[in-house]
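Shown next, in structure tokens, is the structure this report addresses.
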Amino acid sequence: MNNKNKLKTPEILKDAFWKLYSEKEISKIRISEITNLAGYNRGVFYLYFKNIYEIFDVIEKEVMLEIKEMSQLIQAFIIDETYNQEKLSVIIDNYKKNEKYLRVLFTKNDNPRFMMRMKKMLKDNLINEAKKANCHNENIEYYIEYYVSGVVSLLIHWFIYGSKLSVDEFSKLVVEITGLESVKILKLIYGKD
């Protein structure tokens, strides 16, 4: 295996795993299925991953980092109180890059851990922003819970019910639905009230 193929191998293994994971529960996936689908022998898998759960964790961590970045863009988009096509296109590109993962993670019922971790990461991020902005509202965690729960619920609903709206239409709708309340909450968090 040359160096160029070595760099692609983990990605090929992750893609093969994800194809299987999108069709069945993680506990029912075998390493031999992943390597057969990827076109490698079993030993190659162990050069990069200890087990099936580690490959899932690697993918989940990559997606979580992207979600964190995307959430910061969305917050900036909402707090501007203007429809900014440039910011929206960055959000859309970020979404498209991760769509195959997000679609499965948001709609599979066998992994509630992802949803809990994602909400916690988003809430922790906003709590840190509130601290940096010296937000003294004693109920700020309730505001954050409301905001994060609402936006995450909208995303899940969109994924489960077939994404009839384009990403652009959905982004505009989120801003419209969350509207002034989200702007007020984000301004409170970021100390801009």
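In the structure tokens, each chain is lettered A, B, ... as it comes, each chain's residues begin at 1, and ligands are numbered from 1 in order of appearance.
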
Could you name the residues that touch stretch 144-147 of chain A at 8 Å or less, counting only C-alpha atoms, but leaving out those on the same chain fewer than 4 positions away, as a ChimeraX atom specification? /A:123,126-127,140,151,182,185

Among stretch 19-185 of chain A, which ones does DSSP place in alpha helix (DSSP H), written as number ranges by chain? A: 19-21, 31-38, 42-48, 52-79, 85-107, 112-132, 140-160, 167-185

Hey, can you check how far atom CA of A:Ser32 sits from atom CA of A:Phe56? 15.7 Å

Using only C-alpha atoms, which of the listed residues (A:Lys8, A:Tyr21, A:Lys187, A:Ser149) sits closest to A:Ala133? A:Lys187

A:Glu60: which residues within 12 Å, counting only C-alpha atoms, same-chain residues fewer than 3 positions away excluded, as JSON, numbers by chain? {"A": [14, 18, 53, 54, 55, 56, 57, 63, 64, 65, 66, 67, 98, 101, 102, 104, 105, 106, 111, 113, 114, 115, 117, 118]}

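Proximity ranking of A:Asn94, A:Asn139, A:Asn51, A:Asn41 relative to A:Ile26 places A:Asn51 first, based on only C-alpha atoms.
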
Could you give me, as a ChimeraX atom specification, the residues within 7 Å of stretch 158-171 of chain A, counting only C-alpha atoms and dropping anything in the same chain fewer than 3 positions from it? /A:92,103,106-107,154-155,174-175

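Comparing the minimum interatomic distances between A:Ser27 and each of A:Leu13, A:Val148, A:Ile52, A:Leu47, counting only C-alpha atoms, we find that A:Ile52 sits nearest.
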
Residues near A:Val44, cut-off 12 Å, only C-alpha atoms, skip fewer than 5 positions along chain, as a list in words: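 Result of the neighbour search: Met1, Asn5, Lys6, Thr9, Pro10, Ile12, Leu13, Ile31, Ser32, Ile34, Thr35, Asn36, Ala38, Gly39, Phe49, Lys50 and Asn51 of chain A.
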
Got time to write the residues from that selection, all heavy atoms, as a compact mmCIF listing (two decimals), in the first residue's frame?
# COMPACT_ATOMS: atom_id res chain seq x y z
N MET A 1 0.86 -1.18 0.00
CA MET A 1 0.00 0.00 0.00
C MET A 1 0.90 1.24 0.00
O MET A 1 1.74 1.39 0.87
CB MET A 1 -0.88 -0.03 1.26
CG MET A 1 -1.97 0.99 1.26
SD MET A 1 -2.99 1.04 2.76
CE MET A 1 -3.31 -0.64 3.14
N ASN A 5 -2.47 5.88 -0.75
CA ASN A 5 -3.56 4.98 -0.34
C ASN A 5 -3.70 4.91 1.17
O ASN A 5 -4.80 4.77 1.68
CB ASN A 5 -3.36 3.59 -0.93
CG ASN A 5 -3.65 3.56 -2.42
OD1 ASN A 5 -4.29 4.46 -2.95
ND2 ASN A 5 -3.15 2.55 -3.09
N LYS A 6 -2.56 4.98 1.89
CA LYS A 6 -2.61 4.94 3.35
C LYS A 6 -3.40 6.11 3.91
O LYS A 6 -4.11 5.99 4.89
CB LYS A 6 -1.19 4.96 3.94
CG LYS A 6 -0.49 3.64 3.92
CD LYS A 6 0.85 3.74 4.61
CE LYS A 6 1.58 2.43 4.53
NZ LYS A 6 2.90 2.49 5.16
N THR A 9 -7.13 5.34 3.33
CA THR A 9 -7.67 4.13 3.95
C THR A 9 -8.62 4.40 5.11
O THR A 9 -9.72 3.85 5.13
CB THR A 9 -6.52 3.19 4.38
OG1 THR A 9 -5.76 2.85 3.22
CG2 THR A 9 -7.05 1.93 5.03
N PRO A 10 -8.26 5.26 6.08
CA PRO A 10 -9.22 5.49 7.18
C PRO A 10 -10.55 6.05 6.67
O PRO A 10 -11.61 5.69 7.18
CB PRO A 10 -8.51 6.50 8.09
CG PRO A 10 -7.08 6.44 7.72
CD PRO A 10 -7.01 5.98 6.31
N ILE A 12 -11.90 5.55 3.70
CA ILE A 12 -12.61 4.46 3.01
C ILE A 12 -13.27 3.53 4.03
O ILE A 12 -14.42 3.13 3.87
CB ILE A 12 -11.65 3.70 2.07
CG1 ILE A 12 -11.22 4.63 0.92
CG2 ILE A 12 -12.29 2.43 1.53
CD1 ILE A 12 -10.06 4.10 0.09
N LEU A 13 -12.55 3.23 5.11
CA LEU A 13 -13.10 2.39 6.17
C LEU A 13 -14.29 3.08 6.85
O LEU A 13 -15.32 2.45 7.13
CB LEU A 13 -12.04 2.03 7.20
CG LEU A 13 -10.95 1.06 6.73
CD1 LEU A 13 -9.79 1.02 7.72
CD2 LEU A 13 -11.53 -0.33 6.52
N ILE A 31 -16.70 -6.29 11.79
CA ILE A 31 -15.52 -5.72 11.16
C ILE A 31 -15.30 -6.32 9.78
O ILE A 31 -14.94 -5.60 8.83
CB ILE A 31 -14.28 -5.89 12.07
CG1 ILE A 31 -14.44 -4.99 13.31
CG2 ILE A 31 -12.99 -5.56 11.32
CD1 ILE A 31 -13.44 -5.18 14.39
N SER A 32 -15.55 -7.60 9.63
CA SER A 32 -15.38 -8.23 8.33
C SER A 32 -16.31 -7.61 7.27
O SER A 32 -15.94 -7.50 6.10
CB SER A 32 -15.61 -9.74 8.42
OG SER A 32 -16.92 -10.01 8.89
N ILE A 34 -17.25 -4.45 7.21
CA ILE A 34 -16.65 -3.15 6.89
C ILE A 34 -15.49 -3.34 5.92
O ILE A 34 -15.42 -2.67 4.89
CB ILE A 34 -16.16 -2.43 8.17
CG1 ILE A 34 -17.35 -2.11 9.09
CG2 ILE A 34 -15.39 -1.15 7.82
CD1 ILE A 34 -16.95 -1.66 10.48
N THR A 35 -14.59 -4.26 6.27
CA THR A 35 -13.40 -4.44 5.43
C THR A 35 -13.76 -5.03 4.07
O THR A 35 -13.15 -4.65 3.06
CB THR A 35 -12.34 -5.29 6.15
OG1 THR A 35 -12.92 -6.53 6.57
CG2 THR A 35 -11.76 -4.55 7.35
N ASN A 36 -14.72 -5.93 4.00
CA ASN A 36 -15.15 -6.47 2.71
C ASN A 36 -15.71 -5.36 1.82
O ASN A 36 -15.37 -5.26 0.64
CB ASN A 36 -16.19 -7.57 2.87
CG ASN A 36 -15.60 -8.85 3.42
OD1 ASN A 36 -14.40 -9.08 3.34
ND2 ASN A 36 -16.45 -9.70 3.96
N ALA A 38 -15.10 -2.20 2.06
CA ALA A 38 -14.03 -1.24 1.75
C ALA A 38 -12.97 -1.83 0.81
O ALA A 38 -12.16 -1.09 0.25
CB ALA A 38 -13.36 -0.77 3.04
N GLY A 39 -12.95 -3.16 0.69
CA GLY A 39 -11.97 -3.79 -0.19
C GLY A 39 -10.63 -4.04 0.48
O GLY A 39 -9.59 -4.08 -0.19
N PHE A 49 -8.15 1.45 13.73
CA PHE A 49 -9.20 1.47 14.75
C PHE A 49 -9.12 0.22 15.63
O PHE A 49 -8.79 -0.85 15.14
CB PHE A 49 -10.59 1.54 14.10
CG PHE A 49 -10.73 2.67 13.13
CD1 PHE A 49 -10.67 2.44 11.76
CD2 PHE A 49 -10.92 3.97 13.58
CE1 PHE A 49 -10.79 3.49 10.85
CE2 PHE A 49 -11.04 5.02 12.68
CZ PHE A 49 -10.97 4.78 11.32
N LYS A 50 -9.47 0.38 16.92
CA LYS A 50 -9.48 -0.76 17.84
C LYS A 50 -10.69 -1.65 17.62
O LYS A 50 -10.62 -2.86 17.72
CB LYS A 50 -9.49 -0.28 19.29
CG LYS A 50 -8.24 0.38 19.75
CD LYS A 50 -8.40 0.81 21.20
CE LYS A 50 -7.48 1.97 21.48
NZ LYS A 50 -7.82 2.68 22.69
N ASN A 51 -11.83 -0.99 17.39
CA ASN A 51 -13.10 -1.73 17.24
C ASN A 51 -14.12 -0.86 16.52
O ASN A 51 -13.82 0.29 16.16
CB ASN A 51 -13.61 -2.18 18.62
CG ASN A 51 -13.78 -1.01 19.58
OD1 ASN A 51 -14.31 0.04 19.23
ND2 ASN A 51 -13.32 -1.18 20.80

Minimum-distance residue to A:Glu129, chosen among A:Glu69, A:Glu25, A:Arg42, A:Leu188 (using only C-alpha atoms):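 Using only C-alpha atoms, the shortest distance to A:Glu129 belongs to A:Leu188.
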
Quick check, in Å to one decimal: how far apart do atom CA of A:Leu173 and atom CA of A:Lys68 lie?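 These atoms are spaced 20.5 Å apart.
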
Restricting the calculation to only C-alpha atoms, which member of A:Thr178, A:Lys61, A:Met116, A:Leu37 is positioned closest to A:Asp15?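 The answer is A:Leu37, which sits nearest to A:Asp15.
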